[in-house]
There are 4 protein chains.
Amino acid sequence: MRRIKTAVIGASGYSGIELLRILLRHPGAELTALTSRQSAGRTLEKVFPRFRACGPEAKLAFIQPDLDAVAATGAEAAFLALPHGVASEFAIGLLERGLRVIDLSADFRLKSPAMYQEFYDHPHPAPQLLEESVYGLPEIHGAAISTARLVASPGCYPTSILLPLLPLLRAGVIDPASICVFSMSGVSGAGRKESIPLLFCECNESLRPYSVPKHRHLSEIEQELATAAGQPVVITFTPHLVPVTAGMLTTIYATPLPGREEVDLDAIYQEAYGAQPFVRLLGRGGLPDTRDVVKTNFCDIGWAGDARTGRLVLMSAVDNLWKGAASQAVQSFNLMFQIPESTGLQSI
Amino acid sequence: MRRIKTAVIGASGYSGIELLRILLRHPGAELTALTSRQSAGRTLEKVFPRFRACGPEAKLAFIQPDLDAVAATGAEAAFLALPHGVASEFAIGLLERGLRVIDLSADFRLKSPAMYQEFYDHPHPAPQLLEESVYGLPEIHGAAISTARLVASPGCYPTSILLPLLPLLRAGVIDPASICVFSMSGVSGAGRKESIPLLFCECNESLRPYSVPKHRHLSEIEQELATAAGQPVVITFTPHLVPVTAGMLTTIYATPLPGREEVDLDAIYQEAYGAQPFVRLLGRGGLPDTRDVVKTNFCDIGWAGDARTGRLVLMSAVDNLWKGAASQAVQSFNLMFQIPESTGLQSI
Amino acid sequence: MRRIKTAVIGASGYSGIELLRILLRHPGAELTALTSRQSAGRTLEKVFPRFRACGPEAKLAFIQPDLDAVAATGAEAAFLALPHGVASEFAIGLLERGLRVIDLSADFRLKSPAMYQEFYDHPHPAPQLLEESVYGLPEIHGAAISTARLVASPGCYPTSILLPLLPLLRAGVIDPASICVFSMSGVSGAGRKESIPLLFCECNESLRPYSVPKHRHLSEIEQELATAAGQPVVITFTPHLVPVTAGMLTTIYATPLPGREEVDLDAIYQEAYGAQPFVRLLGRGGLPDTRDVVKTNFCDIGWAGDARTGRLVLMSAVDNLWKGAASQAVQSFNLMFQIPESTGLQSI
Amino acid sequence: MRRIKTAVIGASGYSGIELLRILLRHPGAELTALTSRQSAGRTLEKVFPRFRACGPEAKLAFIQPDLDAVAATGAEAAFLALPHGVASEFAIGLLERGLRVIDLSADFRLKSPAMYQEFYDHPHPAPQLLEESVYGLPEIHGAAISTARLVASPGCYPTSILLPLLPLLRAGVIDPASICVFSMSGVSGAGRKESIPLLFCECNESLRPYSVPKHRHLSEIEQELATAAGQPVVITFTPHLVPVTAGMLTTIYATPLPGREEVDLDAIYQEAYGAQPFVRLLGRGGLPDTRDVVKTNFCDIGWAGDARTGRLVLMSAVDNLWKGAASQAVQSFNLMFQIPESTGLQSI
């Protein structure tokens with residue numbers, strides 16, 4: 001297998017670490033550049049002892065995030081594991097230097113600069129790229145991803161919410177106005193940063209909602225839901241922080257449209273995902289458990305009908321750092337470079 | 001303060017342990033009998049080392065659950081911390097012997113034998129007591145509790161769901177058909193029993209829904225909601241198991257009735273609970289955290305309006321073993337015996 | 001009971017929070033001043049939502065740590081819950097203003113300025129007070145504590161190590177050169193500070209030694225061991241960080257002196273601690289568990305003989321924030337002000 | 001790579017699950033038989049949803065542990081992941097049928113039937129095999145393993161204790177009588193069985209020693225230490241249960257022999273393990289963290305000298321289910337079948 005020379009820009013956060021974990025064992029990727037302002041000059045194994053003795057790449061040194069230096073390594077692909085708002089500048093420069101970019105931040109996920117302004121409270125820094133960028137949900141946009149220069153890889157909430165909902169909206173089965181979403185996220189989703197509320201003693205034995213009622217990622221979620229529904233969609237969504245390191249569990253209620261109450265969800269999901277390697281359909285009554293997906297690229301989906309209220313209950317589980325971040329980005333990388341889709345992602 | 005002679009029937013589960021923890025320090029209670037089939041003959045401190053050296057009661061020995069023996073200790077009050085279905089037999093016998101009973105099981109919470117049959121799959125063993133028993137939510141039924149012979153103390157899901165919803169239904173503010181509920185429970189809620197799915201290694205780093213879509217306690221929840229609404233209420237509810245020992249967080253969505261969109265929730269909640277010592281109103285935008293209520297009798301309630309969808313978001317936090325079980329039962333005990341309501345429950 | 005007007009200086013760390021939790025329910029203490037640079041001007045319940053509705057003190061506002069302002073509240077006692085090195089300055093000023101001081105930091109625990117210099121790498125800021133200060137281990141120095149102006153309350157490692165060892169050294173049973181100590185601490189022992197290594201995701205599922213081989217608190221531990229042994233004592237000690245919020249478990253190996261191999265440890269411990277309300281002797285073969293002591297002032301001690309090697313195995317469990325910090329300081333407070341020793345400390 | 005037909009006998013415990021996780025992705029192994037009394041007739045993915053969609057093996061059905069049926073699948077190798085005492089019977093029968101056996105239980109780890117009797121309280125069921133069986137620590141007995149019919153793969157305590165100690169005993173550096181060992185184990189080490197003390201709520205926020213003072217695995221540990229030392233060795237060892245799912249951290253004290261105080265541990269360890277792919281030497285002052293080894297076959301070793309007492313401090317970290325069980329067994333499998341040693345074990 002040809003190994004694509006690959007750069008990882010900003011690899012010191014939790015998504016970045018998982019990205020390295022995957023790429024270091026990916027037979028189609030060759031890491032040529034790792035950048036980190038704070039770790040520049042130190043080797044991978046010094047910064048992350050976990051990677052000691054993992055192979056020659058363990059001796060690779062972080063460099064400053066200099067775009068010319070990155071390009072000089074011959075990298076064809078770059079993953080951006082940078083905070084929101086920082087990524088766009090790097091994306092522009094790397095695209096100019098001929099690299100194809102997979103951005104794990106939220107910078108290029110919206111099509112509408114106005115919606116970006118509404119949810120992020122400042123103008124988009126590179127609106128000219130919004131049209132070109134492809135929303136990196138491989139189960140939905142696989143063909144576009146395969147030819148994209150710039151992939152905006154979705155995060156954990158969008159992934160766990162969109163995968164169960166999109167087939168039902170496309171099939172016109174549920175009332176878009178009825179969608180109620182609740183999610184629980186592991187603490188790693190909040191990032192690796194010096195913060196009192198993220199200390200062990202603050203999170204352990206704590207359950208808490210946050211970002212009520214308007215989490216920023218609602219913008220991209222609703223954008224994709226609207227595309228599937230063929231009409232605007234607005235949903236209610238509450239994220240919760242729970243004391244696990246990794247994992248996300250989403251439970252969704254939605255009401256069938258009149259006349260669609262008896263629809264066969266099994267068939268709809270089978271048609272949508274039956275050929276997808278990373279969506280596992282648990283069937284009617286199937287209940288996902290994040291333990292079954294942690295450190296994998298799988299999204300497990302179960303569903304049930306609540307005969308008493310008429311609502312449907314949809315449930316999904318992903319690893320917020322894998323299918324919700326790093327491994328999904330690698331799935332797009334595989335598609336972009338005509339590498340078999342599951343390459344490097346067959347952990348169990 | 002006169003000390004009420006008190007028996008605890010079946011004190012080896014997690015609710016029972018917390019009940020003992022509270023009663024052992026309660027100035028108005030004197031433990032005269034502890035029963036446990038498996039621990040009979042052993043002292044409290046032998047069975048639960050936590051209670052060593054806590055005072056003379058640490059030497060109290062468990063006895064077999066013999067009703068005459070319990071009555072012979074002079075007990076006026078009995079707490080039943082028994083599994084569902086076992087409690088009713090003891091309740092009948094203790095009432096016959098003149099004790100007043102606070103039952104922590106689900107046996108006497110429903111008014112309708114038919115609803116009991118529907119949700120528990122067998123006829124109610126003592127339907128003649130259903131009329132008399134009082135649903136032991138002190139913030140709602142305080143007056144009836146104070147004179148009751150038999151109090152059916154609610155569990156954690158009903159408590160965390162009913163307290164935020166009842167004032168809004170009574171005030172006619174929300175559409176009963178719109179109620180969507182999502183709860184997370186600590187593992188202690190599943191009980192202290194030999195069970196693979198409750199092992200540390202099965203629950204740690206796991207997030208999972210269960211009892212989808214028809215949890216048994218929906219029956220009592222909907223009974224109380226209907227009383228407040230003045231009409232039948234059916235809701236959608238999904239419980240989730242999360243890796244904390246104690247704590248329950250509930251998030252609820254509901255839609256205001258036409259014309260009530262601008263209603264002042266703060267005023268409604270203030271009127272309902274402003275004088276209640278154990279409900280803490282966090283106000284609009286207030287976000288509860290189970291860490292703030294664990295090992296207390298408090299229920300913390302916050303709320304928000306989702307202007308984009310028009311829905312209300314209600315959030316509550318309780319300790320599933322305290323306000324959701326043991327301390328709430330003691331709160332009823334206080335009311336029943338004219339003891340100041342907060343006695344023994346002022347932990348912080 | 002007369003209520004002693006009491007100040008808490010620096011109450012925003014984990015020990016400070018537990019101190020407040022205890023003092024807010026202590027019938028012999030009246031909180032008159034809380035200081036915190038970062039929280040000055042905000043009420044207790046705003047800073048710590050846990051304390052909402054706990055009583056009138058919930059409305060007490062934090063003030064700047066101004067010594068005159070503290071004294072002006074009429075405070076007779078002050079607890080210092082400040083970082084090492086900061087406490088001494090406050091202690092001096094408060095003593096000058098006539099308050100009696102219980103210092104939870106390490107500033108006044110050593111008698112020797114030279115030893116302080118060796119372990120803390122700078123000269124002691126107030127050596128004139130080292131002679132006067134009393135090492136606040138109530139089971140050992142109770143009489144001196146009761147008349148002290150300045151009590152240096154020991155932390156968790158010293159408490160959990162000294163209580164099992166001191167009686168054996170005083171009785172001349174073990175070889176001081178043979179002492180090997182291993183401890184595990186909950187994460188709260190590392191403090192409430194912005195720090196990557198203390199994040200939930202760094203501590204969860206992690207076990208790690210630290211401060212190898214010379215933890216600072218060895219200085220005070222060895223000082224007290226030497227006093228008991230009547231000769232210098234040097235020990236090997238390794239602390240470990242483990243993913244619990246609270247709790248400390250210490251395991252100690254020591255070799256009996258020749259001729260003392262058959263000594264009756266039960267009798268020695270019984271004599272030392274039989275009348276002490278907060279040491280629970282689990283006996284030969286008794287194995288402590290931190291779950292039994294968390295949120296209590298108890299130190300549980302068990303022991304065993306290893307017939308194969310001749311060594312003794314001593315094991316202790318404390319709550320690092322209670323008996324290892326806050327509640328132990330309150331125990332000294334009780335002794336200093338002739339309040340019954342267990343007052344405010346009877347949690348179970 | 002030729003794929004060795006492989007059976008796993010008794011795969012429903014925690015070690016068995018990890019063994020399956022590794023073998024399912026091992027390019028040199030082909031699973032032909034999985035046995036489990038309780039799961040017979042069900043497919044791998046039904047019993048362990050984690051393995052859904054992992055490949056064709058997910059459809060493999062468990063069979064009853066019938067030796068002829070296992071042999072009929074053509075299996076050349078069998079892993080025994082059975083409880084102590086049950087394994088020996090299967091080992092005999094599989095050896096008779098020509099399979100080579102890697103036993104993860106303790107049944108064949110001791111050379112002396114008398115020592116077995118002493119530590120396990122009954123005669124050894126197959127003493128004739130004790131001579132032949134090879135203690136499966138690849139870093140020590142690699143050559144013997146490569147030709148063995150029966151490998152007794154060591155568990156977590158022996159692995160984490162032996163790897164740091166053996167080179168120092170072989171080099172005659174430390175006094176065998178001075179060895180003091182302290183270990184912490186994740187809860188998975190206690191097995192996947194219905195047991196109250198292993199429930200989430202019993203283990204969470206709990207730290208506890210157990211098996212004091214004579215854990216059964218001391219027998220094999222001391223056997224191997226004695227071989228390295230060339231003299232009998234008896235040590236003191238205390239295991240502790242701590243609330244992590246996986247991971248083991250061991251801290252050891254030992255005193256250098258007279259004249260060996262200045263010995264260069266770095267050189268000794270480098271000579272012993274410098275060429276070993278799965279021992280990572282952290283060097284003097286290096287502190288292992290179980291997070292760096294979980295889900296890997298690495299043993300990380302750090303050390304320090306305690307100048308104050310003259311003792312050495314040795315520290316090791318392994319994943320109790322990987323290097324301490326499943327992956328170490330696969331490492332032996334690789335050696336036995338002339339497969340490159342790291343095959344299937346390069347997780348990071």
# chains A, B, ... in the order shown; residues from 1 in each chain; ligands from 1
>>> residues_around(residues="Ala114 in chain D", least_positions_apart="6", cutoff="12 Å", atoms="only C-alpha atoms", output="list in words")
Tyr120, Asp121, His122, Pro123, His124, Pro127, Leu130 and Ser219 of chain D
>>> write_last_selection(atoms="N, CA, C and O atoms", output="PDB file, in the first residue's frame")
ATOM      1  N   TYR D 120      -2.313 -23.907  47.787  1.00  0.00           N
ATOM      2  CA  TYR D 120      -3.648 -24.114  47.221  1.00  0.00           C
ATOM      3  C   TYR D 120      -4.481 -25.120  48.020  1.00  0.00           C
ATOM      4  O   TYR D 120      -5.616 -25.411  47.665  1.00  0.00           O
ATOM      5  N   ASP D 121      -3.903 -25.671  49.068  1.00  0.00           N
ATOM      6  CA  ASP D 121      -4.670 -26.473  50.035  1.00  0.00           C
ATOM      7  C   ASP D 121      -5.234 -27.774  49.489  1.00  0.00           C
ATOM      8  O   ASP D 121      -6.194 -28.315  50.036  1.00  0.00           O
ATOM      9  N   HIS D 122      -4.683 -28.268  48.409  1.00  0.00           N
ATOM     10  CA  HIS D 122      -5.065 -29.604  47.935  1.00  0.00           C
ATOM     11  C   HIS D 122      -3.935 -30.113  47.048  1.00  0.00           C
ATOM     12  O   HIS D 122      -3.137 -29.310  46.534  1.00  0.00           O
ATOM     13  N   PRO D 123      -3.854 -31.408  46.865  1.00  0.00           N
ATOM     14  CA  PRO D 123      -2.763 -31.945  46.044  1.00  0.00           C
ATOM     15  C   PRO D 123      -2.903 -31.496  44.590  1.00  0.00           C
ATOM     16  O   PRO D 123      -4.008 -31.252  44.102  1.00  0.00           O
ATOM     17  N   HIS D 124      -1.782 -31.411  43.909  1.00  0.00           N
ATOM     18  CA  HIS D 124      -1.836 -31.010  42.502  1.00  0.00           C
ATOM     19  C   HIS D 124      -2.477 -32.130  41.680  1.00  0.00           C
ATOM     20  O   HIS D 124      -2.142 -33.294  41.849  1.00  0.00           O
ATOM     21  N   PRO D 127       0.596 -33.755  38.721  1.00  0.00           N
ATOM     22  CA  PRO D 127       1.986 -33.407  39.049  1.00  0.00           C
ATOM     23  C   PRO D 127       2.973 -33.832  37.963  1.00  0.00           C
ATOM     24  O   PRO D 127       4.040 -33.228  37.824  1.00  0.00           O
ATOM     25  N   LEU D 130       4.179 -30.934  35.820  1.00  0.00           N
ATOM     26  CA  LEU D 130       4.828 -29.742  36.382  1.00  0.00           C
ATOM     27  C   LEU D 130       6.253 -29.587  35.879  1.00  0.00           C
ATOM     28  O   LEU D 130       6.743 -28.475  35.663  1.00  0.00           O
ATOM     29  N   SER D 219       3.614 -17.934  45.763  1.00  0.00           N
ATOM     30  CA  SER D 219       4.343 -19.185  45.531  1.00  0.00           C
ATOM     31  C   SER D 219       5.121 -19.135  44.228  1.00  0.00           C
ATOM     32  O   SER D 219       6.321 -19.412  44.186  1.00  0.00           O
TER      33      SER D 219
END
>>> interface_residues(of="chain A", to="chain C", cutoff="10 Å", atoms="only C-alpha atoms", output="number ranges by chain")
A: 14, 186-205, 243-246
>>> select_by_dssp(residues="range 6-227 of chain B", states="strand (DSSP E)", output="ChimeraX atom specification")
/B:6-9,29-35,62-63,77-80,100-103,134-135,150-152,180-185,208-209
>>> closest_residue(among="D:Leu24, D:Leu241, D:Leu104, D:Val279", to="Glu139 in chain D", atoms="only C-alpha atoms")
D:Val279
>>> select_by_dssp(residues="range 39-128 of chain B", states="alpha helix (DSSP H)", output="PyMOL selection string")
chain B and resi 44-47+67-72+87-96+113-120
>>> residues_around(residues="range 227-240 of chain A", least_positions_apart="2", cutoff="8 Å", atoms="only C-alpha atoms", output="PyMOL selection string")
(chain A and resi 166-167+169-170+172+176-185+207-215+218+222-225+242) or (chain B and resi 306+308-309+311)
>>> write_last_selection(atoms="C-alpha atoms", output="CSV table (one decimal), in the first residue's frame")
chain,number,residue,atom,x,y,z
A,166,LEU,CA,-30.9,11.5,8.6
A,167,PRO,CA,-32.4,8.3,7.1
A,169,LEU,CA,-35.8,12.6,7.5
A,170,ARG,CA,-34.8,11.6,4.0
A,172,GLY,CA,-40.1,11.6,5.2
A,176,PRO,CA,-39.0,17.6,11.8
A,177,ALA,CA,-40.6,19.9,14.4
A,178,SER,CA,-40.9,17.0,16.9
A,179,ILE,CA,-37.2,16.2,17.3
A,180,CYS,CA,-36.0,16.2,20.9
A,181,VAL,CA,-32.4,15.3,21.6
A,182,PHE,CA,-30.5,14.5,24.8
A,183,SER,CA,-26.8,13.6,24.8
A,184,MET,CA,-24.3,12.5,27.3
A,185,SER,CA,-20.6,13.1,26.7
A,207,LEU,CA,-23.9,14.7,36.3
A,208,ARG,CA,-24.6,18.1,34.7
A,209,PRO,CA,-26.3,19.7,31.7
A,210,TYR,CA,-24.5,22.5,30.0
A,211,SER,CA,-24.9,24.9,27.0
A,212,VAL,CA,-28.6,25.1,27.6
A,213,PRO,CA,-30.5,25.8,25.3
A,214,LYS,CA,-28.3,26.7,22.3
A,215,HIS,CA,-25.1,24.7,21.9
A,218,LEU,CA,-26.8,22.9,16.7
A,222,GLU,CA,-29.6,21.6,11.8
A,223,GLN,CA,-27.9,22.4,8.5
A,224,GLU,CA,-27.5,18.7,7.7
A,225,LEU,CA,-31.0,17.8,9.0
A,242,VAL,CA,-20.8,12.6,32.7
B,306,ASP,CA,-35.6,27.4,24.1
B,308,ARG,CA,-35.8,28.6,18.7
B,309,THR,CA,-38.3,25.8,19.2
B,311,ARG,CA,-40.0,24.5,24.2
>>> residues_around(residues="range 173-175 of chain B", least_positions_apart="4", cutoff="7 Å", atoms="only C-alpha atoms", output="list in words")
Leu168, Leu169, Ala254, Thr255, Pro256, Leu257 and Arg260 of chain B
>>> closest_residue(among="D:Pro154, D:Pro258, D:Pro340, D:Pro125", to="Ile221 in chain D", atoms="only C-alpha atoms")
D:Pro154
>>> residues_around(residues="Ala267 in chain A", least_positions_apart="2", cutoff="12 Å", atoms="only C-alpha atoms", output="list in words")
Pro167, Leu168, Ala171, Glu262, Val263, Asp264, Leu265, Tyr269, Gln270, Glu271, Ala272, Tyr273, Gly274, Leu281, Gly283 and Arg284 of chain A
>>> residues_around(residues="Leu321 in chain B", least_positions_apart="5", cutoff="10 Å", atoms="only C-alpha atoms", output="PyMOL selection string")
chain B and resi 14-19+155-156+186+188-189+245-248+294-297+326-328
>>> closest_residue(among="B:Phe48, B:Ser105, B:Arg42, B:Ile9", to="Pro65 in chain B", atoms="only C-alpha atoms")
B:Ile9
>>> closest_residue(among="B:Ala317, B:Ala329, B:Ala58, B:Leu20", to="Pro288 in chain B", atoms="only C-alpha atoms")
B:Ala317
>>> residues_around(residues="Gly136 in chain B", least_positions_apart="5", cutoff="6 Å", atoms="only C-alpha atoms", output="PDB file with all heavy atoms, in the first residue's frame")
ATOM      1  N   VAL B 151     -47.616   5.334  54.199  1.00  0.00           N
ATOM      2  CA  VAL B 151     -47.064   6.247  53.203  1.00  0.00           C
ATOM      3  C   VAL B 151     -46.280   5.440  52.176  1.00  0.00           C
ATOM      4  O   VAL B 151     -45.419   4.637  52.541  1.00  0.00           O
ATOM      5  CB  VAL B 151     -46.153   7.304  53.864  1.00  0.00           C
ATOM      6  CG1 VAL B 151     -45.351   8.075  52.811  1.00  0.00           C
ATOM      7  CG2 VAL B 151     -46.985   8.262  54.698  1.00  0.00           C
ATOM      8  N   ALA B 152     -46.590   5.652  50.911  1.00  0.00           N
ATOM      9  CA  ALA B 152     -45.863   5.013  49.815  1.00  0.00           C
ATOM     10  C   ALA B 152     -44.839   6.017  49.306  1.00  0.00           C
ATOM     11  O   ALA B 152     -45.156   6.910  48.528  1.00  0.00           O
ATOM     12  CB  ALA B 152     -46.829   4.616  48.707  1.00  0.00           C
ATOM     13  N   SER B 153     -43.636   5.875  49.784  1.00  0.00           N
ATOM     14  CA  SER B 153     -42.607   6.885  49.503  1.00  0.00           C
ATOM     15  C   SER B 153     -42.065   6.694  48.090  1.00  0.00           C
ATOM     16  O   SER B 153     -41.644   5.598  47.715  1.00  0.00           O
ATOM     17  CB  SER B 153     -41.489   6.735  50.534  1.00  0.00           C
ATOM     18  OG  SER B 153     -40.719   7.892  50.614  1.00  0.00           O
TER      19      SER B 153
END
